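Peer 1: For reference, this is upload02.tsv, and it has TSV, C-alpha atoms and all ligand atoms.
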chain	number	residue	atom	x	y	z
T	152	MET	CA	10.01	-17.30	1.76
T	153	THR	CA	9.59	-14.95	4.74
T	154	ALA	CA	9.35	-11.22	4.24
T	155	ALA	CA	12.76	-10.82	5.90
T	156	ALA	CA	14.36	-13.37	3.55
T	157	LEU	CA	12.69	-11.73	0.57
T	158	LEU	CA	14.09	-8.36	1.58
T	159	ALA	CA	17.57	-9.78	2.02
T	160	ALA	CA	17.53	-11.38	-1.45
T	161	PRO	CA	19.20	-9.60	-4.38
T	162	HIS	CA	16.95	-8.19	-7.10
T	163	VAL	CA	15.75	-11.04	-9.29
T	164	PRO	CA	14.54	-9.84	-12.70
T	165	VAL	CA	10.88	-10.63	-13.29
T	166	LEU	CA	9.66	-12.39	-16.48
T	167	LEU	CA	13.20	-12.12	-17.88
T	168	ASP	CA	12.84	-14.76	-20.63
T	169	GLU	CA	9.48	-13.37	-21.71
T	170	VAL	CA	10.75	-9.77	-21.79
T	171	ILE	CA	13.78	-10.77	-23.89
T	172	ALA	CA	11.62	-12.89	-26.22
T	173	GLY	CA	9.32	-9.88	-26.69
T	174	LEU	CA	12.20	-7.48	-27.36
T	175	ASP	CA	13.85	-9.99	-29.71
T	176	PRO	CA	17.25	-8.22	-29.58
T	177	LYS	CA	19.75	-8.85	-32.39
T	178	PRO	CA	23.48	-8.20	-32.67
T	179	GLY	CA	24.17	-4.58	-33.56
T	180	GLU	CA	20.72	-3.31	-32.57
T	181	THR	CA	20.30	-0.51	-30.03
T	182	HIS	CA	18.00	-1.09	-27.05
T	183	VAL	CA	16.91	1.14	-24.19
T	184	ASP	CA	16.50	-0.26	-20.68
T	185	GLY	CA	14.51	2.54	-19.03
T	186	THR	CA	14.77	1.02	-15.54
T	187	PHE	CA	18.29	-0.38	-15.11
T	188	GLY	CA	17.94	-1.38	-11.42
T	189	ALA	CA	20.41	-4.22	-10.86
T	190	GLY	CA	20.84	-4.62	-14.61
T	191	GLY	CA	19.03	-7.95	-15.06
T	192	TYR	CA	17.43	-7.05	-18.40
T	193	THR	CA	20.45	-5.03	-19.54
T	194	ARG	CA	22.82	-7.98	-19.06
T	195	ALA	CA	20.54	-10.24	-21.12
T	196	LEU	CA	20.31	-7.62	-23.88
T	197	LEU	CA	24.11	-7.27	-23.92
T	198	ARG	CA	24.48	-11.07	-24.18
T	199	SER	CA	22.43	-10.95	-27.37
T	200	GLY	CA	25.00	-8.61	-28.94
T	201	ALA	CA	22.82	-5.48	-28.78
T	202	HIS	CA	24.04	-2.06	-27.69
T	203	VAL	CA	22.19	-0.81	-24.63
T	204	VAL	CA	21.49	2.66	-23.31
T	205	ALA	CA	20.22	2.13	-19.76
T	206	PHE	CA	18.50	4.71	-17.57
T	207	ASP	CA	17.81	4.86	-13.86
T	208	ARG	CA	16.77	7.88	-11.83
T	209	ASP	CA	18.49	6.45	-8.73
T	210	PRO	CA	22.16	7.52	-8.50
T	211	ASP	CA	22.99	4.37	-6.46
T	212	ALA	CA	21.73	2.07	-9.25
T	213	ILE	CA	23.86	3.92	-11.80
T	214	ALA	CA	26.94	3.87	-9.53
T	215	ALA	CA	26.53	0.11	-8.96
T	216	GLY	CA	26.19	-0.43	-12.72
T	217	ARG	CA	29.46	1.30	-13.66
T	218	ALA	CA	31.33	-2.01	-13.33
T	219	ILE	CA	29.05	-3.65	-15.95
T	220	GLU	CA	29.55	-0.62	-18.19
T	221	ALA	CA	33.35	-0.94	-17.89
T	222	GLU	CA	33.22	-4.70	-18.63
T	223	ASN	CA	31.25	-4.16	-21.82
T	224	ASP	CA	33.62	-2.10	-23.89
T	225	GLY	CA	31.31	0.62	-25.14
T	226	ALA	CA	28.27	-1.64	-25.63
T	227	LEU	CA	26.53	-0.17	-22.55
T	228	THR	CA	25.90	3.50	-21.80
T	229	LEU	CA	24.42	4.28	-18.37
T	230	VAL	CA	22.46	7.48	-17.88
T	231	GLN	CA	21.11	8.82	-14.59
T	232	GLU	CA	17.83	10.22	-15.82
T	233	ARG	CA	14.09	9.68	-15.63
T	234	PHE	CA	12.75	7.55	-18.46
T	235	SER	CA	10.18	10.26	-19.23
T	236	ARG	CA	13.18	12.18	-20.63
T	237	LEU	CA	14.64	9.28	-22.58
T	238	ALA	CA	14.11	10.85	-26.01
T	239	GLU	CA	15.99	14.05	-25.08
T	240	ALA	CA	18.71	12.09	-23.27
T	241	LEU	CA	19.21	9.70	-26.22
T	242	SER	CA	19.48	12.64	-28.58
T	243	GLU	CA	22.17	14.17	-26.31
T	244	HIS	CA	24.06	10.88	-26.80
T	245	GLY	CA	23.63	11.07	-30.59
T	246	VAL	CA	20.89	8.40	-30.75
T	247	ASP	CA	17.60	9.24	-32.53
T	248	GLN	CA	15.92	5.87	-33.03
T	249	VAL	CA	16.18	2.54	-31.25
T	250	ASP	CA	15.08	-1.06	-31.82
T	251	GLY	CA	13.64	-1.73	-28.38
T	252	VAL	CA	12.53	-0.06	-25.17
T	253	THR	CA	11.83	-1.83	-21.91
T	254	LEU	CA	10.32	-0.42	-18.71
T	255	ASP	CA	10.15	-2.44	-15.49
T	256	ILE	CA	8.09	-0.20	-13.25
T	257	GLY	CA	8.44	0.35	-9.51
T	258	VAL	CA	11.15	-0.11	-6.89
T	259	SER	CA	14.03	-2.57	-6.90
T	260	SER	CA	14.88	-5.03	-4.14
T	261	MET	CA	18.04	-3.00	-3.46
T	262	GLN	CA	15.93	0.07	-2.77
T	263	LEU	CA	13.60	-1.91	-0.49
T	264	ASP	CA	16.51	-3.68	1.23
T	265	GLN	CA	18.20	-0.52	2.41
T	266	ALA	CA	16.38	0.73	5.48
T	267	GLU	CA	17.96	4.16	5.11
T	268	ARG	CA	16.14	4.69	1.79
T	269	GLY	CA	12.87	4.62	3.71
T	270	PHE	CA	10.84	2.54	1.21
T	271	SER	CA	10.13	-0.36	3.52
T	272	PHE	CA	7.86	-0.71	6.53
T	273	GLN	CA	9.62	-3.98	7.46
T	274	ALA	CA	12.77	-2.23	8.68
T	275	ASP	CA	13.02	1.07	10.52
T	276	GLY	CA	14.62	3.94	8.65
T	277	PRO	CA	14.19	7.63	7.87
T	278	LEU	CA	10.89	8.34	6.10
T	279	ASP	CA	12.50	9.15	2.75
T	280	MET	CA	11.24	7.16	-0.33
T	281	ARG	CA	12.91	9.39	-2.94
T	282	MET	CA	14.16	7.31	-5.86
T	283	GLU	CA	16.32	10.21	-7.05
T	284	GLN	CA	17.56	11.02	-3.54
T	285	ALA	CA	16.57	14.65	-4.17
T	286	GLY	CA	13.47	16.77	-3.67
T	287	MET	CA	10.71	16.37	-1.09
T	288	SER	CA	10.99	13.36	1.24
T	289	ALA	CA	8.03	11.35	2.50
T	290	ALA	CA	8.51	12.95	5.94
T	291	ASP	CA	8.46	16.47	4.42
T	292	TYR	CA	5.27	15.62	2.57
T	293	LEU	CA	3.43	13.96	5.46
T	294	ASN	CA	4.41	16.67	7.94
T	295	GLN	CA	3.20	19.50	5.69
T	296	ALA	CA	0.32	18.29	3.53
T	297	ASP	CA	-3.38	18.90	4.24
T	298	GLU	CA	-5.26	15.98	5.72
T	299	ALA	CA	-7.59	15.94	2.70
T	300	ASP	CA	-4.67	15.81	0.29
T	301	ILE	CA	-3.08	12.88	2.16
T	302	ALA	CA	-6.44	11.08	2.15
T	303	ASP	CA	-6.76	11.57	-1.63
T	304	VAL	CA	-3.26	10.20	-2.20
T	305	LEU	CA	-3.95	7.13	-0.05
T	306	HIS	CA	-7.27	6.51	-1.76
T	307	ASP	CA	-6.20	7.17	-5.36
T	308	LEU	CA	-2.68	5.72	-5.37
T	309	GLY	CA	-2.92	3.09	-2.61
T	310	GLU	CA	-6.55	2.08	-3.17
T	311	GLU	CA	-6.85	2.38	0.63
T	312	PRO	CA	-10.57	2.02	1.45
T	313	ARG	CA	-10.19	3.77	4.83
T	314	ALA	CA	-7.98	6.59	3.55
T	315	ARG	CA	-9.65	9.34	5.62
T	316	ARG	CA	-9.15	7.47	8.86
T	317	VAL	CA	-5.44	6.87	8.10
T	318	ALA	CA	-4.90	10.49	7.01
T	319	ARG	CA	-6.51	11.75	10.24
T	320	ALA	CA	-4.23	9.51	12.32
T	321	ILE	CA	-1.14	10.71	10.43
T	322	VAL	CA	-1.99	14.37	10.94
T	323	ALA	CA	-2.71	13.79	14.66
T	324	ALA	CA	0.69	12.09	15.12
T	325	ARG	CA	2.83	14.73	13.36
T	326	PRO	CA	5.76	15.27	13.18
T	327	ILE	CA	6.70	11.83	11.84
T	328	SER	CA	10.24	10.99	10.84
T	329	ARG	CA	10.68	7.18	10.77
T	330	THR	CA	9.17	4.40	8.66
T	331	SER	CA	8.36	2.38	11.80
T	332	GLU	CA	6.36	5.31	13.21
T	333	LEU	CA	4.29	5.60	10.05
T	334	ALA	CA	3.71	1.83	9.90
T	335	ASP	CA	2.54	1.81	13.55
T	336	ILE	CA	0.22	4.78	13.02
T	337	VAL	CA	-1.43	3.00	10.06
T	338	ARG	CA	-1.68	-0.33	11.88
T	339	ARG	CA	-3.26	1.36	14.94
T	340	ALA	CA	-5.68	3.34	12.75
T	341	LEU	CA	-6.81	0.27	10.82
T	342	GLY	CA	-6.62	-2.25	13.63
T	343	HIS	CA	-4.60	-5.45	13.83
T	344	ARG	CA	-6.03	-8.33	11.87
T	345	PRO	CA	-3.63	-11.21	12.35
T	346	HIS	CA	-5.34	-13.34	9.66
T	347	GLU	CA	-4.73	-10.63	7.06
T	348	LYS	CA	-1.90	-11.68	4.79
T	349	LYS	CA	-0.95	-8.15	3.82
T	350	ASP	CA	0.35	-5.68	6.38
T	351	PRO	CA	-2.21	-2.85	6.56
T	352	ALA	CA	0.65	-0.36	6.05
T	353	THR	CA	1.36	-1.76	2.55
T	354	ARG	CA	-1.20	0.44	0.76
T	355	THR	CA	-0.11	3.62	2.56
T	356	PHE	CA	3.58	3.08	1.78
T	357	GLN	CA	2.78	2.31	-1.85
T	358	ALA	CA	0.60	5.40	-2.23
T	359	ILE	CA	3.11	7.81	-0.74
T	360	ARG	CA	5.97	6.36	-2.79
T	361	ILE	CA	4.00	6.60	-6.05
T	362	HIS	CA	2.93	10.16	-5.23
T	363	LEU	CA	6.38	11.47	-4.21
T	364	ASN	CA	8.06	9.99	-7.26
T	365	ALA	CA	5.16	10.94	-9.60
T	366	GLU	CA	5.33	7.37	-10.87
T	367	LEU	CA	2.09	7.34	-12.88
T	368	ASP	CA	3.01	10.56	-14.70
T	369	GLU	CA	6.43	9.08	-15.37
T	370	LEU	CA	4.83	5.97	-16.85
T	371	GLU	CA	2.49	7.96	-19.12
T	372	GLN	CA	5.33	10.16	-20.33
T	373	GLY	CA	7.72	7.22	-20.65
T	374	LEU	CA	5.30	5.45	-22.99
T	375	VAL	CA	5.00	8.57	-25.15
T	376	ALA	CA	8.80	8.90	-25.18
T	377	ALA	CA	9.17	5.24	-26.22
T	378	GLU	CA	6.68	5.75	-29.05
T	379	ARG	CA	8.80	8.68	-30.22
T	380	VAL	CA	12.17	6.88	-30.29
T	381	LEU	CA	11.18	3.41	-31.52
T	382	ARG	CA	11.92	2.84	-35.19
T	383	PRO	CA	9.32	1.06	-37.36
T	384	GLY	CA	9.34	-2.58	-36.24
T	385	GLY	CA	10.87	-1.60	-32.86
T	386	ARG	CA	9.58	-3.41	-29.78
T	387	LEU	CA	8.22	-2.07	-26.50
T	388	ALA	CA	8.06	-4.25	-23.37
T	389	VAL	CA	6.51	-2.94	-20.14
T	390	VAL	CA	6.33	-4.83	-16.84
T	391	SER	CA	3.99	-3.35	-14.26
T	392	PHE	CA	3.02	-4.45	-10.76
T	393	HIS	CA	-0.28	-2.73	-9.98
T	394	SER	CA	-3.60	-2.54	-11.75
T	395	MET	CA	-3.24	1.27	-11.81
T	396	GLU	CA	-0.01	0.99	-13.80
T	397	ASP	CA	-1.27	-1.77	-16.05
T	398	ARG	CA	-4.41	0.23	-16.88
T	399	ILE	CA	-2.23	3.08	-18.17
T	400	VAL	CA	-0.16	0.72	-20.34
T	401	LYS	CA	-3.22	-1.16	-21.60
T	402	ARG	CA	-5.12	2.01	-22.50
T	403	PHE	CA	-2.09	3.55	-24.23
T	404	LEU	CA	-1.52	0.47	-26.39
T	405	ARG	CA	-5.20	-0.12	-27.16
T	406	GLU	CA	-5.63	3.45	-28.35
T	407	ARG	CA	-2.47	3.56	-30.38
T	408	SER	CA	-3.05	0.19	-32.00
T	409	GLY	CA	-6.52	1.31	-33.11
T	410	ALA	CA	-8.24	-1.29	-30.91
T	411	THR	CA	-10.37	1.40	-29.24
T	412	PRO	CA	-11.28	4.94	-30.22
T	413	ALA	CA	-8.91	7.36	-28.53
T	414	GLY	CA	-10.28	7.87	-25.03
T	415	SER	CA	-9.68	11.56	-25.14
T	416	ARG	CA	-11.32	14.77	-26.21
T	417	HIS	CA	-7.97	15.85	-27.61
T	418	LEU	CA	-7.31	12.97	-29.97
T	419	PRO	CA	-9.49	12.07	-32.91
T	420	ASP	CA	-10.68	8.51	-33.46
T	421	ALA	CA	-8.06	6.65	-35.51
T	422	ARG	CA	-10.84	4.89	-37.45
T	423	ALA	CA	-12.47	8.20	-38.38
T	424	GLY	CA	-9.52	9.72	-40.21
T	425	GLY	CA	-7.42	10.42	-37.09
T	426	PRO	CA	-3.80	9.38	-36.62
T	427	ARG	CA	-2.81	5.97	-37.98
T	428	PRO	CA	-1.98	3.30	-35.36
T	429	SER	CA	1.55	3.76	-34.07
T	430	PHE	CA	1.63	0.21	-32.65
T	431	GLU	CA	0.53	-3.10	-34.16
T	432	ALA	CA	-2.36	-5.00	-32.58
T	433	VAL	CA	-1.21	-5.97	-29.13
T	434	ALA	CA	-0.71	-9.54	-27.95
T	435	LYS	CA	-2.30	-10.76	-24.69
T	436	PRO	CA	-0.57	-9.76	-21.44
T	437	VAL	CA	1.93	-12.22	-20.02
T	438	ARG	CA	2.02	-13.26	-16.36
T	439	ALA	CA	4.53	-15.33	-14.39
T	440	GLY	CA	3.97	-19.07	-14.18
T	441	GLU	CA	3.85	-21.13	-10.99
T	442	ALA	CA	7.56	-22.01	-11.14
T	443	GLU	CA	8.67	-18.38	-11.38
T	444	ILE	CA	6.27	-17.31	-8.63
T	445	ALA	CA	7.72	-20.04	-6.38
T	446	ARG	CA	11.27	-18.85	-7.16
T	447	ASN	CA	10.47	-15.14	-7.00
T	448	PRO	CA	7.30	-14.15	-5.10
T	449	ARG	CA	7.59	-10.56	-6.42
T	450	SER	CA	6.64	-11.88	-9.87
T	451	ARG	CA	3.14	-12.84	-8.66
T	452	SER	CA	1.69	-9.42	-9.42
T	453	ALA	CA	3.73	-8.68	-12.57
T	454	THR	CA	2.07	-8.10	-15.94
T	455	LEU	CA	4.11	-7.83	-19.14
T	456	ARG	CA	2.76	-6.14	-22.26
T	457	VAL	CA	4.72	-6.18	-25.49
T	458	ALA	CA	3.96	-4.20	-28.65
T	459	ARG	CA	5.61	-3.56	-32.01
T	460	ARG	CA	5.93	-0.07	-33.48
T	461	THR	CA	4.44	0.63	-36.92
T	462	GLU	CA	5.86	3.15	-39.38
T	463	ALA	CA	3.13	5.73	-38.56
T	464	SER	CA	4.11	9.02	-36.93
T	465	PRO	CA	4.00	9.11	-33.13
T	466	TRP	CA	0.78	10.45	-31.63
T	467	GLY	CA	2.80	12.23	-28.98
T	468	LEU	CA	1.27	13.82	-25.91
T	469	GLY	CA	-2.39	14.67	-25.72
T	470	ALA	CA	-4.08	11.59	-24.27
T	471	LYS	CA	-6.25	12.49	-21.32
T	472	LYS	CA	-4.56	12.21	-17.94
T	473	GLU	CA	-5.76	9.54	-15.58
T	474	GLY	CA	-5.45	9.55	-11.77
T	475	ARG	CA	-4.57	12.40	-9.50
T	476	GLN	CA	-0.98	13.20	-10.43
T	477	GLY	CA	-0.54	16.46	-12.28
T	501	LIG	C1	11.92	-2.90	-10.69
T	501	LIG	S1	13.46	-2.10	-10.75
T	501	LIG	C2	14.16	-2.62	-12.27
T	501	LIG	C3	14.92	-3.90	-12.17
T	501	LIG	C4	15.67	-4.30	-13.43
T	501	LIG	N1	14.77	-4.62	-14.52
T	501	LIG	C5	16.59	-5.45	-13.16
T	501	LIG	O1	16.45	-6.49	-13.83
T	501	LIG	O2	17.47	-5.35	-12.30
T	501	LIG	C6	13.00	-0.46	-11.13
T	501	LIG	C7	14.16	0.52	-11.25
T	501	LIG	O3	13.69	1.59	-12.04
T	501	LIG	C8	14.06	2.81	-11.48
T	501	LIG	N2	13.03	3.77	-11.87
T	501	LIG	C9	11.75	3.83	-11.42
T	501	LIG	N3	11.10	4.82	-12.03
T	501	LIG	C10	11.98	5.39	-12.90
T	501	LIG	C11	11.89	6.47	-13.82
T	501	LIG	N4	10.76	7.17	-13.96
T	501	LIG	N5	12.97	6.77	-14.55
T	501	LIG	C12	14.13	6.07	-14.42
T	501	LIG	N6	14.27	5.05	-13.54
T	501	LIG	C13	13.21	4.72	-12.79
T	501	LIG	C14	14.15	2.56	-9.99
T	501	LIG	O4	15.06	3.47	-9.41
T	501	LIG	C15	14.63	1.11	-9.95
T	501	LIG	O5	16.04	1.07	-9.88
Translate the structure described by the file into structure tokens.
Ligand SMILES: C[S@@+](CC[C@H](N)C(=O)[O-])C[C@H]1O[C@@H](n2cnc3c(N)ncnc32)[C@H](O)[C@@H]1O
Peer 2:
Amino acid sequence: MTAAALLAAPHVPVLLDEVIAGLDPKPGETHVDGTFGAGGYTRALLRSGAHVVAFDRDPDAIAAGRAIEAENDGALTLVQERFSRLAEALSEHGVDQVDGVTLDIGVSSMQLDQAERGFSFQADGPLDMRMEQAGMSAADYLNQADEADIADVLHDLGEEPRARRVARAIVAARPISRTSELADIVRRALGHRPHEKKDPATRTFQAIRIHLNAELDELEQGLVAAERVLRPGGRLAVVSFHSMEDRIVKRFLRERSGATPAGSRHLPDARAGGPRPSFEAVAKPVRAGEAEIARNPRSRSATLRVARRTEASPWGLGAKKEGRQG
């Protein structure tokens, strides 16, 4: 599938069967979909007879989902909110504990498809990249930030090995307002390498998007929120697309299942009289098979981790922060 065809395709849920098997929804249970998107997971949860409270920080995703909400006669509640605030938002809807939480991290195909959202370097659009459509845009950030700060973002969140060179080129080209301008600046700074499969602008776009939307902080706080609202026996399923995200999920679950001592000064070792494991020992991560990758190339980099909540109290916040987001 060409990049253009991929962008024109509707959002295809990744690892859908595996996510639903991990969540094991039953009629009458309440599940949280923290990343509604096009509603792929939510629809499957509703088919199982569960009630679903679905969150998305993007007002367009929520607006597009209203039709599914109307069709489902009270079984679906849509909330425009960040999943880091899911515990507070559930409580505002009279829900304290739930049977499942799922997070499918990153952007949706709808967000990438729409050039005017500014997420894609494949189509020209305003340099925006705000999932919530509010706050600082990518253009605001790149036109104001220090060169050193931009370089750190590109290095830490895009794993761009030549971050300083790209940051210097961005600052020299300011002001920048279009995605195509930014993509060209990066390509010129890094040089054209036709044999390279990945566009050199990929890492820069990823880094700026993750930074602007504070995606790693959101993930850390979303995991803590899920721990807080899951009832004993409740299931957590997280799909991530980058090693940075997966590291956060893996470390969180390893610590809280007692598989490793807490990697933090602030939390005592569970095996030395600290908090009891809040999740059961975690199964191996799940990746897409050849058939799914052929059908949906986006699934190639997806990793699913599933874990079951114990009856122990939540550990809450306190684990050491990783990465540069504050
Ligand atoms: C990969 S898509 C989810 C696709 C969905 N599972 C489906 O099957 O259609 C990610 C969605 O999560 C939303 N999102 C990303 N981070 C979020 C956050 N911190 N809080 C709430 N929604 C978020 C994005 O706006 C996007 O719509």
Peer 1: Residues near segment 372-375 of chain T, anyone? I mean within 8 Å using all atoms listed in the file, not counting same-chain ones fewer than 5 positions away, as a list in words.
Peer 2: Phe234, Ser235, Arg236, Leu237, Val400, Phe403, Trp466, Gly467 and Leu468 of chain T
Peer 1: Can you pull out every residue within 9 Å of Leu167 of chain T, counting all atoms listed in the file, but drop anything in the same chain fewer than 6 positions away, and send it as a list in words?
Peer 2: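 Those residues are Gly191, Tyr192 and Ala195 of chain T.
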Peer 1: Distance limit 8 Å, reference ligand LIG 501 (chain T), atoms considered: all atoms listed in the file. Which residues make the cut? Give them as a ChimeraX atom specification.
Peer 2: /T:162-165,167,184-193,206-209,212,231-235,254-262,282-283,364,366,369-370,373
Peer 1: Would you mind telling me which residue in T:Glu462, T:Ala388, T:Pro426, T:Asp264 lies nearest to Glu169 of chain T when using all atoms listed in the file?
Peer 2: T:Ala388
Peer 1: Quick one: pull the distance between atom CA of Arg438 of chain T and atom CA of Thr454 of chain T, Å, one decimal.
Peer 2: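 So the two atoms, atom CA of Arg438 of chain T and atom CA of Thr454 of chain T, lie 5.2 Å apart.
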Peer 1: Kindly indicate which residue among T:Arg319, T:His244, T:Arg281, T:Arg456 lies nearest to Ala172 of chain T, using all atoms listed in the file for the distances.
Peer 2: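 Nearest candidate to Ala172 of chain T out of T:Arg319, T:His244, T:Arg281, T:Arg456: T:Arg456.
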Peer 1: What's the separation between atom CA of Gln273 of chain T and atom CA of Pro312 of chain T, in Å to one decimal place?
Peer 2: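 Interatomic distance, atom CA of Gln273 of chain T to atom CA of Pro312 of chain T: 21.9 Å.
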Peer 1: Between T:Ala314, T:Ala215, T:Leu367, T:Ala285, which is the closest to His393 of chain T once you count only C-alpha atoms?
Peer 2: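 Comparing T:Ala314, T:Ala215, T:Leu367, T:Ala285 against His393 of chain T, the winner is T:Leu367.
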Peer 1: Quick one: everything within 6 Å of Arg459 of chain T, counting only C-alpha atoms, minus sequence neighbours fewer than 3 positions away in the same chain. Send it as a PyMOL selection string.
Peer 2: chain T and resi 384-386+430-431
Peer 1: Can you pull out every residue within 9 Å of Glu332 of chain T, counting only C-alpha atoms, but drop anything in the same chain fewer than 5 positions away, and send it as a CSV table (one decimal) with C-alpha atoms, keeping the file's coordinate frame?
Peer 2:
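around34.csv, freshly written:
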chain,number,residue,atom,x,y,z
T,275,ASP,CA,13.0,1.1,10.5
T,278,LEU,CA,10.9,8.3,6.1
T,327,ILE,CA,6.7,11.8,11.8
T,337,VAL,CA,-1.4,3.0,10.1
Peer 1: Quick one: of T:Glu371, T:Glu347, T:Asp175, T:Asp335, who's nearest to Gly251 of chain T, counting all atoms listed in the file?
Peer 2: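 Of T:Glu371, T:Glu347, T:Asp175, T:Asp335, the one nearest Gly251 of chain T is T:Asp175, counting all atoms listed in the file.
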Peer 1: Could you state the separation of atom CA of Leu381 of chain T and atom CA of Ile219 of chain T in Å, given to one decimal place?
Peer 2: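 A separation of 24.7 Å between them.
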Peer 1: Check which residues of segment 190-273 of chain T sit at most 12 Å from segment 288-305 of chain T using only C-alpha atoms, and return one row each with the closest pair of atoms and their distance in Å to one decimal, ordered by chain and rising number, as a Markdown table.
Peer 2:
| residue | atom | partner | partner_atom | distance |
| --- | --- | --- | --- | --- |
| T:Arg268 | CA | T:Ser288 | CA | 10.1 |
| T:Gly269 | CA | T:Ala289 | CA | 8.4 |
| T:Phe270 | CA | T:Ala289 | CA | 9.3 |
| T:Ser271 | CA | T:Ala289 | CA | 11.9 |
Peer 1: Let me make sure I understand: among T:Gly245, T:Gly173, T:Asp211, T:Pro448, which one has the smallest atom-to-atom distance to Leu196 of chain T if we use all atoms listed in the file?
Peer 2: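 Smallest distance to Leu196 of chain T is found for T:Gly173.
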Peer 1: Got a moment to write segment 383-394 of chain T out with N, CA, C and O atoms, as an mmCIF file, in the first residue's frame?
Peer 2:
data_model
loop_
_atom_site.group_PDB
_atom_site.id
_atom_site.type_symbol
_atom_site.label_atom_id
_atom_site.label_comp_id
_atom_site.auth_asym_id
_atom_site.auth_seq_id
_atom_site.Cartn_x
_atom_site.Cartn_y
_atom_site.Cartn_z
ATOM 1 N N PRO T 383 -10.901 -4.930 41.515
ATOM 2 C CA PRO T 383 -10.121 -6.167 41.566
ATOM 3 C C PRO T 383 -10.570 -7.122 40.457
ATOM 4 O O PRO T 383 -11.777 -7.323 40.261
ATOM 5 N N GLY T 384 -9.635 -7.656 39.710
ATOM 6 C CA GLY T 384 -9.982 -8.533 38.582
ATOM 7 C C GLY T 384 -10.176 -7.768 37.285
ATOM 8 O O GLY T 384 -10.301 -8.362 36.214
ATOM 9 N N GLY T 385 -10.199 -6.421 37.352
ATOM 10 C CA GLY T 385 -10.385 -5.599 36.151
ATOM 11 C C GLY T 385 -9.168 -5.699 35.244
ATOM 12 O O GLY T 385 -8.060 -5.966 35.692
ATOM 13 N N ARG T 386 -9.386 -5.498 33.949
ATOM 14 C CA ARG T 386 -8.323 -5.698 32.960
ATOM 15 C C ARG T 386 -7.881 -4.378 32.308
ATOM 16 O O ARG T 386 -8.710 -3.521 31.992
ATOM 17 N N LEU T 387 -6.579 -4.284 32.113
ATOM 18 C CA LEU T 387 -5.990 -3.121 31.437
ATOM 19 C C LEU T 387 -5.356 -3.600 30.134
ATOM 20 O O LEU T 387 -4.627 -4.600 30.141
ATOM 21 N N ALA T 388 -5.642 -2.918 29.031
ATOM 22 C CA ALA T 388 -5.001 -3.256 27.746
ATOM 23 C C ALA T 388 -4.432 -1.973 27.155
ATOM 24 O O ALA T 388 -5.161 -0.983 27.007
ATOM 25 N N VAL T 389 -3.151 -1.969 26.845
ATOM 26 C CA VAL T 389 -2.506 -0.769 26.287
ATOM 27 C C VAL T 389 -1.799 -1.140 24.987
ATOM 28 O O VAL T 389 -0.972 -2.063 24.965
ATOM 29 N N VAL T 390 -2.127 -0.398 23.929
ATOM 30 C CA VAL T 390 -1.445 -0.580 22.645
ATOM 31 C C VAL T 390 -0.560 0.639 22.418
ATOM 32 O O VAL T 390 -1.041 1.773 22.456
ATOM 33 N N SER T 391 0.733 0.399 22.213
ATOM 34 C CA SER T 391 1.634 1.526 21.962
ATOM 35 C C SER T 391 2.363 1.284 20.638
ATOM 36 O O SER T 391 2.380 0.173 20.117
ATOM 37 N N PHE T 392 2.957 2.377 20.130
ATOM 38 C CA PHE T 392 3.543 2.309 18.783
ATOM 39 C C PHE T 392 5.024 2.649 18.722
ATOM 40 O O PHE T 392 5.625 2.587 17.655
ATOM 41 N N HIS T 393 5.587 3.079 19.856
ATOM 42 C CA HIS T 393 7.004 3.441 19.872
ATOM 43 C C HIS T 393 7.649 2.805 21.076
ATOM 44 O O HIS T 393 7.006 2.611 22.105
ATOM 45 N N SER T 394 8.961 2.568 20.968
ATOM 46 C CA SER T 394 9.655 1.956 22.100
ATOM 47 C C SER T 394 9.580 2.857 23.327
ATOM 48 O O SER T 394 9.479 2.379 24.456
#
